[in-house]
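Dumped start_13.txt below, it's compact mmCIF, C-alpha atoms:
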# COMPACT_ATOMS: atom_id res chain seq x y z
CA MET W 193 116.82 -38.63 -3.12
CA ARG W 194 115.44 -39.18 -6.61
CA GLN W 195 116.39 -42.83 -6.40
CA GLY W 196 114.38 -43.14 -3.18
CA MET W 197 111.33 -41.50 -4.79
CA ARG W 198 111.43 -43.96 -7.66
CA VAL W 199 111.55 -46.90 -5.27
CA PHE W 200 108.60 -45.46 -3.31
CA ALA W 201 106.55 -44.99 -6.49
CA ALA W 202 107.27 -48.54 -7.59
CA LEU W 203 106.19 -49.92 -4.24
CA LEU W 204 103.00 -47.78 -4.32
CA ALA W 205 102.10 -48.99 -7.80
CA ALA W 206 102.64 -52.58 -6.77
CA ALA W 207 100.40 -52.07 -3.76
CA LEU W 208 97.66 -50.56 -5.92
CA LEU W 209 97.79 -53.48 -8.34
CA VAL W 210 97.52 -55.92 -5.50
CA GLY W 211 94.55 -53.96 -4.08
CA CYS W 212 92.72 -53.96 -7.41
CA GLY W 213 93.21 -57.66 -7.76
CA GLU W 214 91.79 -58.21 -4.32
CA THR W 215 88.80 -56.02 -5.16
CA GLU W 216 88.12 -57.95 -8.35
CA ASN W 217 88.42 -61.22 -6.48
CA LYS W 218 85.92 -59.95 -3.92
CA ALA W 219 83.28 -58.84 -6.59
CA VAL W 220 79.76 -59.97 -5.56
CA LYS W 221 78.26 -62.61 -7.82
CA PRO W 222 74.64 -61.97 -8.97
CA GLU W 223 71.93 -63.85 -7.10
CA THR W 224 70.58 -66.87 -8.99
CA VAL W 225 66.80 -67.21 -9.26
CA SER W 226 65.17 -70.52 -10.12
CA GLY W 227 61.74 -71.24 -11.52
CA LEU W 228 61.73 -68.51 -14.15
CA ARG W 229 60.21 -69.30 -17.52
CA VAL W 230 61.94 -67.57 -20.41
CA GLN W 231 60.77 -67.31 -23.99
CA LYS W 232 61.88 -65.40 -27.07
CA ILE W 233 59.36 -62.98 -28.55
CA GLU W 234 58.68 -62.79 -32.27
CA LEU W 235 56.62 -60.76 -34.72
CA LYS W 236 53.08 -62.05 -35.20
CA ASN W 237 50.10 -61.27 -37.40
CA VAL W 238 47.59 -59.33 -35.30
CA PRO W 239 44.40 -57.41 -36.16
CA ASP W 240 45.01 -53.89 -37.43
CA GLU W 241 42.52 -51.63 -35.68
CA LEU W 242 41.64 -47.97 -35.36
CA GLY W 243 41.53 -47.03 -31.69
CA ALA W 244 39.31 -44.29 -30.29
CA PRO W 245 39.41 -43.15 -26.64
CA GLY W 246 36.14 -42.67 -24.82
CA THR W 247 34.25 -42.52 -21.55
CA VAL W 248 31.39 -44.68 -20.32
CA ILE W 249 28.12 -42.77 -19.98
CA ALA W 250 24.56 -43.78 -19.15
CA ALA W 251 22.31 -43.95 -22.19
CA ALA W 252 19.78 -41.78 -20.32
CA THR W 253 20.68 -39.14 -17.74
CA ALA W 254 18.27 -36.59 -16.25
CA GLN W 255 18.92 -33.43 -14.29
CA VAL W 256 15.98 -33.23 -11.90
CA ALA W 257 15.00 -29.69 -10.94
CA ALA W 258 12.25 -28.08 -8.90
CA ARG W 259 9.24 -26.80 -10.87
CA ALA W 260 8.14 -24.34 -8.20
CA MET W 261 9.86 -22.09 -5.70
CA GLY W 262 9.83 -23.37 -2.15
CA THR W 263 11.73 -24.44 0.93
CA VAL W 264 13.03 -28.01 1.05
CA LEU W 265 11.55 -29.87 4.02
CA GLN W 266 12.99 -33.33 3.30
CA VAL W 267 15.65 -34.93 1.11
CA ALA W 268 14.74 -38.61 0.79
CA VAL W 269 17.77 -40.01 -1.08
CA LYS W 270 21.56 -39.96 -1.03
CA GLU W 271 24.11 -40.15 -3.81
CA GLY W 272 24.43 -43.72 -5.00
CA ASP W 273 20.88 -44.73 -3.98
CA ALA W 274 18.86 -46.81 -6.43
CA VAL W 275 15.46 -45.24 -7.19
CA ARG W 276 12.27 -46.26 -8.98
CA ARG W 277 10.20 -44.15 -11.34
CA GLY W 278 7.99 -41.78 -9.32
CA GLN W 279 9.93 -42.31 -6.07
CA LEU W 280 10.19 -39.24 -3.80
CA LEU W 281 13.55 -37.48 -4.02
CA ALA W 282 12.72 -34.31 -2.06
CA GLN W 283 9.68 -32.67 -0.48
CA LEU W 284 9.06 -28.91 -0.59
CA ASP W 285 6.90 -26.88 1.80
CA GLU W 286 3.50 -27.22 0.13
CA ARG W 287 1.31 -25.04 2.40
CA GLU W 288 1.17 -22.07 0.02
CA LEU W 289 0.69 -24.32 -2.99
CA VAL W 290 -2.14 -26.20 -1.23
CA ALA W 291 -3.80 -22.90 -0.30
CA ARG W 292 -3.73 -21.82 -3.96
CA LYS W 293 -5.17 -25.18 -4.97
CA ASP W 294 -8.00 -24.89 -2.44
CA ALA W 295 -8.80 -21.34 -3.57
CA ALA W 296 -8.86 -22.47 -7.21
CA HIS W 297 -11.21 -25.35 -6.36
CA ALA W 298 -13.50 -22.97 -4.48
CA GLY W 299 -13.57 -20.65 -7.50
CA SER W 300 -14.39 -23.60 -9.75
CA GLN W 301 -17.29 -24.63 -7.52
CA ALA W 302 -18.62 -21.04 -7.43
CA ALA W 303 -18.40 -20.83 -11.23
CA GLU W 304 -20.29 -24.11 -11.54
CA ALA W 305 -23.01 -22.79 -9.26
CA GLY W 306 -23.20 -19.65 -11.41
CA VAL W 307 -23.71 -21.81 -14.49
CA GLY W 308 -26.60 -23.54 -12.76
CA GLN W 309 -28.27 -20.22 -11.99
CA ALA W 310 -27.74 -19.00 -15.54
CA GLN W 311 -29.30 -22.20 -16.89
CA LYS W 312 -32.39 -21.64 -14.71
CA ALA W 313 -32.67 -18.03 -15.83
CA MET W 314 -32.39 -19.07 -19.45
CA ALA W 315 -35.04 -21.74 -18.99
CA ALA W 316 -37.42 -19.13 -17.54
CA ALA W 317 -36.62 -16.68 -20.34
CA GLN W 318 -37.17 -19.42 -22.93
CA ALA W 319 -40.56 -20.31 -21.44
CA ASN W 320 -41.64 -16.64 -21.36
CA ALA W 321 -40.43 -16.15 -24.94
CA ASP W 322 -42.40 -19.21 -26.09
CA VAL W 323 -45.62 -17.95 -24.44
CA MET W 324 -45.22 -14.49 -25.91
CA GLN W 325 -44.51 -15.96 -29.35
CA LYS W 326 -47.74 -17.96 -29.28
CA THR W 327 -49.68 -14.91 -28.06
CA TYR W 328 -48.14 -12.81 -30.79
CA ASP W 329 -49.07 -15.43 -33.44
CA ARG W 330 -52.72 -15.34 -32.25
CA TYR W 331 -52.81 -11.54 -32.36
CA VAL W 332 -51.40 -11.63 -35.87
CA TYR W 333 -54.38 -13.79 -36.88
CA LEU W 334 -56.83 -11.54 -35.02
CA LYS W 335 -55.32 -8.51 -36.66
CA GLU W 336 -55.90 -10.08 -40.04
CA GLN W 337 -59.52 -10.65 -39.01
CA LYS W 338 -59.67 -7.05 -37.77
CA SER W 339 -60.69 -8.30 -34.34
CA VAL W 340 -58.07 -6.32 -32.34
CA SER W 341 -57.19 -2.70 -32.33
CA PRO W 342 -53.82 -1.55 -33.62
CA GLN W 343 -52.90 -0.42 -30.08
CA GLU W 344 -53.50 -3.88 -28.59
CA PHE W 345 -51.48 -5.50 -31.36
CA ASP W 346 -48.58 -3.08 -30.83
CA GLU W 347 -48.55 -3.84 -27.08
CA ILE W 348 -48.36 -7.60 -27.71
CA SER W 349 -45.69 -7.12 -30.37
CA ALA W 350 -43.58 -5.08 -27.94
CA LYS W 351 -43.94 -7.73 -25.23
CA GLN W 352 -42.93 -10.47 -27.71
CA GLN W 353 -39.81 -8.53 -28.72
CA ALA W 354 -38.93 -7.90 -25.07
CA ALA W 355 -39.26 -11.62 -24.31
CA GLN W 356 -36.91 -12.47 -27.19
CA ALA W 357 -34.42 -9.88 -25.96
CA GLN W 358 -34.52 -11.35 -22.45
CA LEU W 359 -33.94 -14.81 -23.95
CA GLU W 360 -30.87 -13.59 -25.85
CA GLN W 361 -29.54 -11.97 -22.68
CA ALA W 362 -30.07 -15.21 -20.77
CA LYS W 363 -28.22 -17.14 -23.47
CA ALA W 364 -25.32 -14.69 -23.34
CA ALA W 365 -25.24 -14.88 -19.55
CA LEU W 366 -25.19 -18.68 -19.73
CA GLN W 367 -22.32 -18.65 -22.24
CA GLU W 368 -20.40 -16.23 -20.03
CA SER W 369 -21.02 -18.40 -16.98
CA GLN W 370 -19.91 -21.47 -18.89
CA ALA W 371 -16.71 -19.72 -19.99
CA GLY W 372 -16.08 -18.66 -16.41
CA LYS W 373 -16.62 -22.23 -15.26
CA ASP W 374 -14.17 -23.56 -17.87
CA GLN W 375 -11.55 -21.02 -16.86
CA ALA W 376 -12.05 -21.77 -13.17
CA GLN W 377 -11.73 -25.50 -13.80
CA ALA W 378 -8.55 -24.95 -15.84
CA GLU W 379 -7.11 -22.83 -13.02
CA ALA W 380 -8.06 -25.56 -10.56
CA HIS W 381 -6.28 -28.19 -12.67
CA VAL W 382 -3.20 -25.96 -12.91
CA ALA W 383 -3.27 -25.37 -9.17
CA GLU W 384 -3.61 -29.12 -8.65
CA SER W 385 -0.56 -29.73 -10.84
CA VAL W 386 1.43 -26.95 -9.17
CA ALA W 387 0.58 -28.39 -5.77
CA SER W 388 2.09 -31.68 -6.92
CA TYR W 389 5.33 -29.83 -7.72
CA ALA W 390 6.06 -29.91 -4.00
CA ARG W 391 7.00 -33.56 -4.53
CA ILE W 392 10.20 -33.90 -6.55
CA VAL W 393 10.28 -37.47 -7.89
CA ALA W 394 12.56 -39.71 -9.98
CA PRO W 395 11.81 -39.56 -13.73
CA PHE W 396 12.75 -43.22 -14.32
CA ASP W 397 14.33 -46.27 -12.69
CA GLY W 398 18.02 -45.68 -12.06
CA ARG W 399 20.52 -44.33 -9.56
CA VAL W 400 21.20 -40.95 -7.99
CA VAL W 401 24.71 -39.95 -9.05
CA ARG W 402 24.67 -36.36 -7.77
CA ARG W 403 22.76 -34.33 -5.18
CA THR W 404 23.09 -30.57 -4.68
CA VAL W 405 20.33 -29.83 -2.16
CA GLU W 406 19.93 -30.07 1.61
CA PRO W 407 16.89 -29.69 3.90
CA GLY W 408 16.15 -26.02 4.55
CA SER W 409 17.38 -24.83 1.17
CA LEU W 410 15.25 -22.38 -0.82
CA VAL W 411 15.05 -23.71 -4.37
CA SER W 412 13.92 -22.04 -7.58
CA PRO W 413 12.36 -23.53 -10.73
CA GLY W 414 14.85 -24.90 -13.24
CA VAL W 415 17.82 -25.23 -10.87
CA PRO W 416 19.07 -28.89 -10.94
CA LEU W 417 18.88 -30.60 -7.56
CA PHE W 418 19.63 -34.22 -8.53
CA VAL W 419 21.25 -36.09 -11.40
CA VAL W 420 19.68 -39.50 -12.03
CA GLU W 421 21.07 -41.96 -14.56
CA ASP W 422 19.48 -45.04 -16.09
CA THR W 423 21.56 -48.01 -14.92
CA SER W 424 19.99 -50.48 -17.34
CA ARG W 425 21.96 -49.35 -20.39
CA TYR W 426 25.40 -47.80 -20.83
CA GLN W 427 27.34 -46.49 -23.81
CA LEU W 428 30.95 -45.63 -24.58
CA GLN W 429 31.13 -42.09 -25.94
CA ALA W 430 34.23 -42.29 -28.15
CA THR W 431 36.13 -39.60 -30.05
CA LEU W 432 37.03 -40.67 -33.59
CA PRO W 433 39.32 -39.03 -36.16
CA THR W 434 37.79 -37.57 -39.32
CA GLU W 435 38.89 -40.49 -41.50
CA ALA W 436 36.60 -42.79 -39.49
CA LEU W 437 33.61 -41.32 -41.35
CA SER W 438 34.48 -43.46 -44.36
CA PHE W 439 33.98 -46.81 -42.61
CA VAL W 440 32.36 -46.27 -39.19
CA LYS W 441 28.58 -46.10 -39.51
CA LYS W 442 25.57 -46.58 -37.26
CA GLY W 443 25.46 -50.28 -36.47
CA SER W 444 29.22 -50.83 -36.99
CA VAL W 445 30.72 -53.40 -34.63
CA ALA W 446 33.51 -52.27 -32.30
CA ARG W 447 35.78 -54.06 -29.85
CA VAL W 448 35.65 -52.20 -26.55
CA GLN W 449 38.35 -52.32 -23.88
CA LEU W 450 37.54 -50.69 -20.54
CA ASP W 451 40.03 -49.73 -17.84
CA ALA W 452 37.89 -51.57 -15.32
CA MET W 453 38.39 -54.79 -17.35
CA THR W 454 42.10 -55.28 -17.95
CA VAL W 455 41.93 -58.40 -20.13
CA LYS W 456 38.46 -59.13 -21.47
CA SER W 457 37.17 -57.15 -24.43
CA LEU W 458 33.52 -56.39 -25.10
CA GLU W 459 31.64 -56.24 -28.36
CA GLY W 460 29.58 -53.12 -28.91
CA LYS W 461 27.67 -51.52 -31.76
CA VAL W 462 27.60 -47.90 -32.80
CA GLY W 463 24.19 -46.60 -31.73
CA GLU W 464 24.71 -42.95 -32.64
CA ILE W 465 27.36 -41.08 -34.65
CA GLU W 466 27.74 -37.46 -35.64
CA ALA W 467 27.18 -36.77 -39.32
CA GLY W 468 30.24 -34.54 -39.63
CA ALA W 469 33.50 -33.76 -37.87
CA ASP W 470 34.25 -30.72 -35.75
CA PRO W 471 36.22 -28.25 -37.94
CA GLY W 472 38.47 -27.24 -35.06
CA SER W 473 39.50 -30.61 -33.63
CA HIS W 474 38.84 -32.68 -36.79
CA THR W 475 37.12 -35.30 -34.65
CA LEU W 476 33.60 -36.62 -34.25
CA ASN W 477 31.76 -38.37 -31.44
CA ALA W 478 30.12 -41.76 -31.56
CA ARG W 479 28.05 -43.54 -28.91
CA ILE W 480 28.70 -47.28 -28.78
CA ASP W 481 26.05 -49.42 -27.07
CA LEU W 482 27.56 -51.77 -24.48
CA PRO W 483 26.07 -55.18 -23.62
CA ARG W 484 23.34 -54.89 -20.99
CA ASP W 485 24.79 -57.69 -18.85
CA VAL W 486 28.13 -55.90 -18.30
CA LYS W 487 28.60 -54.43 -14.83
CA VAL W 488 30.11 -50.99 -15.38
CA GLU W 489 29.69 -47.44 -14.11
CA SER W 490 29.67 -44.10 -15.84
CA GLY W 491 32.96 -42.22 -15.94
CA VAL W 492 35.14 -45.28 -16.65
CA PHE W 493 37.74 -44.66 -19.36
CA GLY W 494 37.85 -47.03 -22.31
CA ARG W 495 38.77 -47.44 -25.94
CA ALA W 496 36.84 -48.61 -28.97
CA TYR W 497 38.66 -50.47 -31.74
CA PHE W 498 37.39 -50.77 -35.31
CA ALA W 499 38.86 -53.50 -37.52
CA LEU W 500 40.95 -52.39 -40.52
CA GLY W 501 42.65 -55.67 -41.45
CA GLU W 502 45.89 -57.34 -40.24
CA LYS W 503 49.44 -56.20 -39.49
CA GLN W 504 52.70 -57.61 -38.10
CA ALA W 505 53.52 -56.55 -34.57
CA LEU W 506 55.66 -57.54 -31.63
CA VAL W 507 53.34 -58.81 -28.91
CA VAL W 508 53.91 -60.21 -25.43
CA PRO W 509 51.52 -61.73 -22.87
CA LEU W 510 50.00 -59.17 -20.51
CA ASP W 511 51.41 -61.15 -17.56
CA VAL W 512 55.01 -60.23 -18.46
CA ILE W 513 54.36 -56.49 -18.02
CA VAL W 514 55.79 -55.08 -14.78
CA ALA W 515 54.57 -51.68 -13.57
CA ARG W 516 56.80 -49.23 -11.72
CA GLY W 517 54.73 -46.14 -11.00
CA GLN W 518 53.69 -44.69 -14.34
CA LEU W 519 56.27 -46.76 -16.24
CA ARG W 520 55.69 -50.15 -17.81
CA GLY W 521 58.51 -52.61 -18.50
CA ILE W 522 59.55 -56.22 -19.08
CA TYR W 523 62.37 -58.39 -17.78
CA VAL W 524 64.77 -59.29 -20.60
CA VAL W 525 67.39 -62.05 -20.20
CA ASP W 526 70.77 -61.54 -21.94
CA ALA W 527 73.11 -64.22 -23.33
CA ASN W 528 74.80 -64.66 -19.94
CA GLY W 529 71.51 -65.27 -18.16
CA LEU W 530 71.41 -61.85 -16.47
CA VAL W 531 67.96 -60.31 -16.09
CA HIS W 532 67.42 -56.63 -16.93
CA TRP W 533 64.30 -54.55 -16.47
CA ARG W 534 63.57 -52.61 -19.64
CA VAL W 535 61.04 -49.80 -20.10
CA VAL W 536 58.63 -50.41 -23.00
CA THR W 537 55.93 -48.46 -24.79
CA LEU W 538 52.73 -50.44 -25.19
CA GLY W 539 50.06 -50.32 -27.87
CA GLN W 540 46.78 -52.14 -28.29
CA SER W 541 45.87 -55.20 -26.23
CA ALA W 542 43.58 -58.08 -27.12
CA ASN W 543 43.10 -61.73 -26.19
CA GLY W 544 45.62 -61.55 -23.34
CA LEU W 545 48.37 -60.07 -25.55
CA VAL W 546 49.68 -56.52 -25.76
CA GLU W 547 51.62 -54.84 -28.56
CA VAL W 548 55.12 -53.55 -27.76
CA LEU W 549 55.82 -50.40 -29.76
CA SER W 550 59.33 -49.72 -28.42
CA GLY W 551 61.79 -51.01 -25.85
CA ALA W 552 62.06 -54.59 -27.17
CA ALA W 553 62.93 -56.36 -30.39
CA ALA W 554 62.14 -59.67 -32.04
CA GLY W 555 64.37 -62.40 -30.61
CA ASP W 556 64.63 -60.91 -27.12
CA ALA W 557 64.20 -63.47 -24.33
CA VAL W 558 61.67 -62.27 -21.76
CA VAL W 559 60.62 -63.65 -18.38
CA LEU W 560 57.09 -65.00 -18.65
CA ASN W 561 56.38 -65.27 -14.92
CA PRO W 562 58.01 -62.26 -13.22
CA GLY W 563 55.57 -62.17 -10.32
CA VAL W 564 56.15 -59.45 -7.73
CA GLN W 565 59.82 -60.20 -6.95
CA GLU W 566 62.63 -57.87 -8.01
CA LEU W 567 64.63 -59.59 -10.77
CA ASP W 568 66.75 -56.76 -12.19
CA GLY W 569 70.44 -57.74 -12.04
CA LYS W 570 69.77 -61.32 -11.02
CA LYS W 571 70.57 -64.50 -12.94
CA THR W 572 68.31 -67.30 -14.12
CA ALA W 573 69.17 -70.73 -12.72
CA GLN W 574 68.92 -72.53 -16.07
CA ILE W 575 71.38 -70.32 -17.95
CA ALA W 576 73.62 -70.12 -14.87
CA ALA W 577 73.87 -73.91 -14.80
CA ARG W 578 74.79 -74.01 -18.48
CA SER W 579 77.48 -71.38 -17.94
CA GLU W 580 79.04 -73.38 -15.11
CA GLU W 581 79.06 -76.54 -17.30
CA LYS W 582 80.86 -74.66 -20.10
CA SER W 583 83.47 -73.24 -17.70
CA SER W 584 84.15 -76.65 -16.22
Mind turning this structure into structure tokens?
Amino acid sequence: MRQGMRVFAALLAAALLVGCGETENKAVKPETVSGLRVQKIELKNVPDELGAPGTVIAAATAQVAARAMGTVLQVAVKEGDAVRRGQLLAQLDERELVARKDAAHAGSQAAEAGVGQAQKAMAAAQANADVMQKTYDRYVYLKEQKSVSPQEFDEISAKQQAAQAQLEQAKAALQESQAGKDQAQAEAHVAESVASYARIVAPFDGRVVRRTVEPGSLVSPGVPLFVVEDTSRYQLQATLPTEALSFVKKGSVARVQLDAMTVKSLEGKVGEIEAGADPGSHTLNARIDLPRDVKVESGVFGRAYFALGEKQALVVPLDVIVARGQLRGIYVVDANGLVHWRVVTLGQSANGLVEVLSGAAAGDAVVLNPGVQELDGKKTAQIAARSEEKSS
């Protein structure tokens, strides 16, 4: 029995060996891809820069609010609309405001008429006072000549004093009327201005980026209804570390890379910078003026780079980078010509090159033209041909 088991085991082992050999013989050869350009990557001298993340903002942004309480009758613009300075954004119900304006104008006209009457009364009082003064002067002379009785002189003196008192009263009445007129005119001007508050207009040329009001809404003074930004000038608001204070100043030149522009860099200048860093985050903000001819929108993420000197770094062309979701990688070719996709960590990019921080080393052969095809596990035609020549 034992002898039979040994024979069976030997036969089974032989069968397994034969099966393994057949499996190895049937192994699938990797697919050969032609037309790939391969090049070894090396360390190069590249600019050493301080990078600062930031967001594109408009140089001027206004929150447009109502200046009077009222019901919105019309909203004349939508988000994204281009507007000109003074253009109507929304119209409020102006009936009550117009009624106040009309009442103020009527009060101003009445006050002006009152001034006219006071001027006439003063003119009459002035004329009467002048006559009485002359009469009084004559009676003073006659008194000296003892040609009038003391009683007659006292009567004229009393009349002259009464005329002067009436003149002073007329002057006071005229001043009061004039003050009333000035106040009424000021109220009329205020009412005129308040009546204009029914028209909510754009503060400058730009674009409506946000709208929070609809027709029929009751709005109150000071509550923002629109956000309008100036589209003629944009800035990158960047966050810099504290050590940047030693070399980044107003007017400093920065290389700006925006997400919306994957290759080309812009040149900007620091227009504004905080004088000191925040004690909590140890950072400070700087606004970098972007060129006026660049087409960009607020909210775009970007980075500003300030030159520090030079350094050695491993760089590859941006075209060799292959994205898989959130990962970035390159195709590396080994000594046997097999292509492997390798995840890399990227650094700064400039002039069509990007720094590789990890995932590759100097001397690695990378595929320069990966395109959109899947190359992982495949073989390059050039190295495959060489391998076949060596084996033959």
Exercise. Using all atoms listed in the file, find all polymer residues with an atom at most 8 Å away from the point (6.4, -23.4, -11.2); report them as a PyMOL selection string.
Key: chain W and resi 258-261+386+389+413
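Reported to one decimal place, the separation of CA of Asp481 (chain W) from CA of Val269 (chain W) is 28.9 Å.
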Quiz item: Pick from W:Asp374, W:Glu421, W:Asp329, W:Glu459: nearest to Ser300 (chain W), with all atoms listed in the file counted?
Solution: W:Asp374
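Relative to CA of Gly494 (chain W), CA of Arg399 (chain W) is found at 21.7 Å.
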Practice problem: Find the residues near Glu547 (chain W): any atom within 6 Å, counting all atoms listed in the file, skip ones fewer than 2 places away on the same chain, and give them as a list in words. | Solution: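 In the requested format, the answer is Leu506, Val507, Leu538, Gly539 and Gln540 of chain W.
The list of residues within 10 Å of (10.5, -33.5, -8.1), counted using all atoms listed in the file, is Val256, Ala257, Ala258, Arg259, Ala260, Gly278, Gln279, Leu280, Leu281, Ala282, Gln283, Leu284, Ser388, Tyr389, Ala390, Arg391, Ile392, Val393, Ala394, Pro395, Leu417 and Phe418 of chain W.
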Self-check item: Pro509 (chain W) environment, 9 Å, all atoms listed in the file, sequence neighbours closer than 5 positions dropped, as a list in words
Solution: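 Listed by chain and then number, they are Gly544, Leu545, Val546, Glu547 and Leu560 of chain W.
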Exercise. Tell me which protein, DNA and RNA residues are within 12 Å of Leu359 (chain W), counting all atoms listed in the file, leaving out same-chain ones fewer than 4 positions away, and put them as a list in words.
Key: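 Skipping anything fewer than 4 positions along the chain leaves Ala310, Gln311, Lys312, Ala313, Met314, Ala315, Ala316, Ala317, Gln318, Ala319, Asn320, Ala321, Asp322, Met324, Gln325, Gln352, Gln353, Ala354, Ala355, Lys363, Ala364, Ala365 and Leu366 of chain W.
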Exercise. Using only C-alpha atoms, pick whichever of W:Gly563, W:Pro471, W:Gly529, W:Pro342 has the shortest atom-to-atom distance to Ile513 (chain W).
Key: W:Gly563
Exercise. Would you please work out which residue, of W:Arg447, W:Lys351, W:Lys373, W:Arg287, is nearest to Ala305 (chain W) when using all atoms listed in the file?
Key: W:Lys373
Per-residue nearest contacts region 242-295 of chain W to region 482-486 of chain W, cut-off 12 Å, using only C-alpha atoms, as CSV:
residue,atom,partner,partner_atom,distance
W:Thr247,CA,W:Leu482,CA,11.8
W:Val248,CA,W:Leu482,CA,9.1
W:Ile249,CA,W:Leu482,CA,10.1
W:Ala250,CA,W:Leu482,CA,10.1
W:Ala251,CA,W:Leu482,CA,9.7
Quiz item: Neighbours of Val420 (chain W) within 7 Å (only C-alpha atoms; same-chain residues fewer than 6 positions away dropped), as a ChimeraX atom specification?
Solution: /W:253-255,398-401
Quiz item: So which one's closest to Lys442 (chain W), W:Ile465, W:Val411, W:Val559, W:Ala252? Using all atoms listed in the file, please.
Solution: W:Ile465
Exercise. Could you jot down the CA of Leu432 (chain W) to CA of Val536 (chain W) separation for me, Å, one decimal place?
Key: 26.0 Å
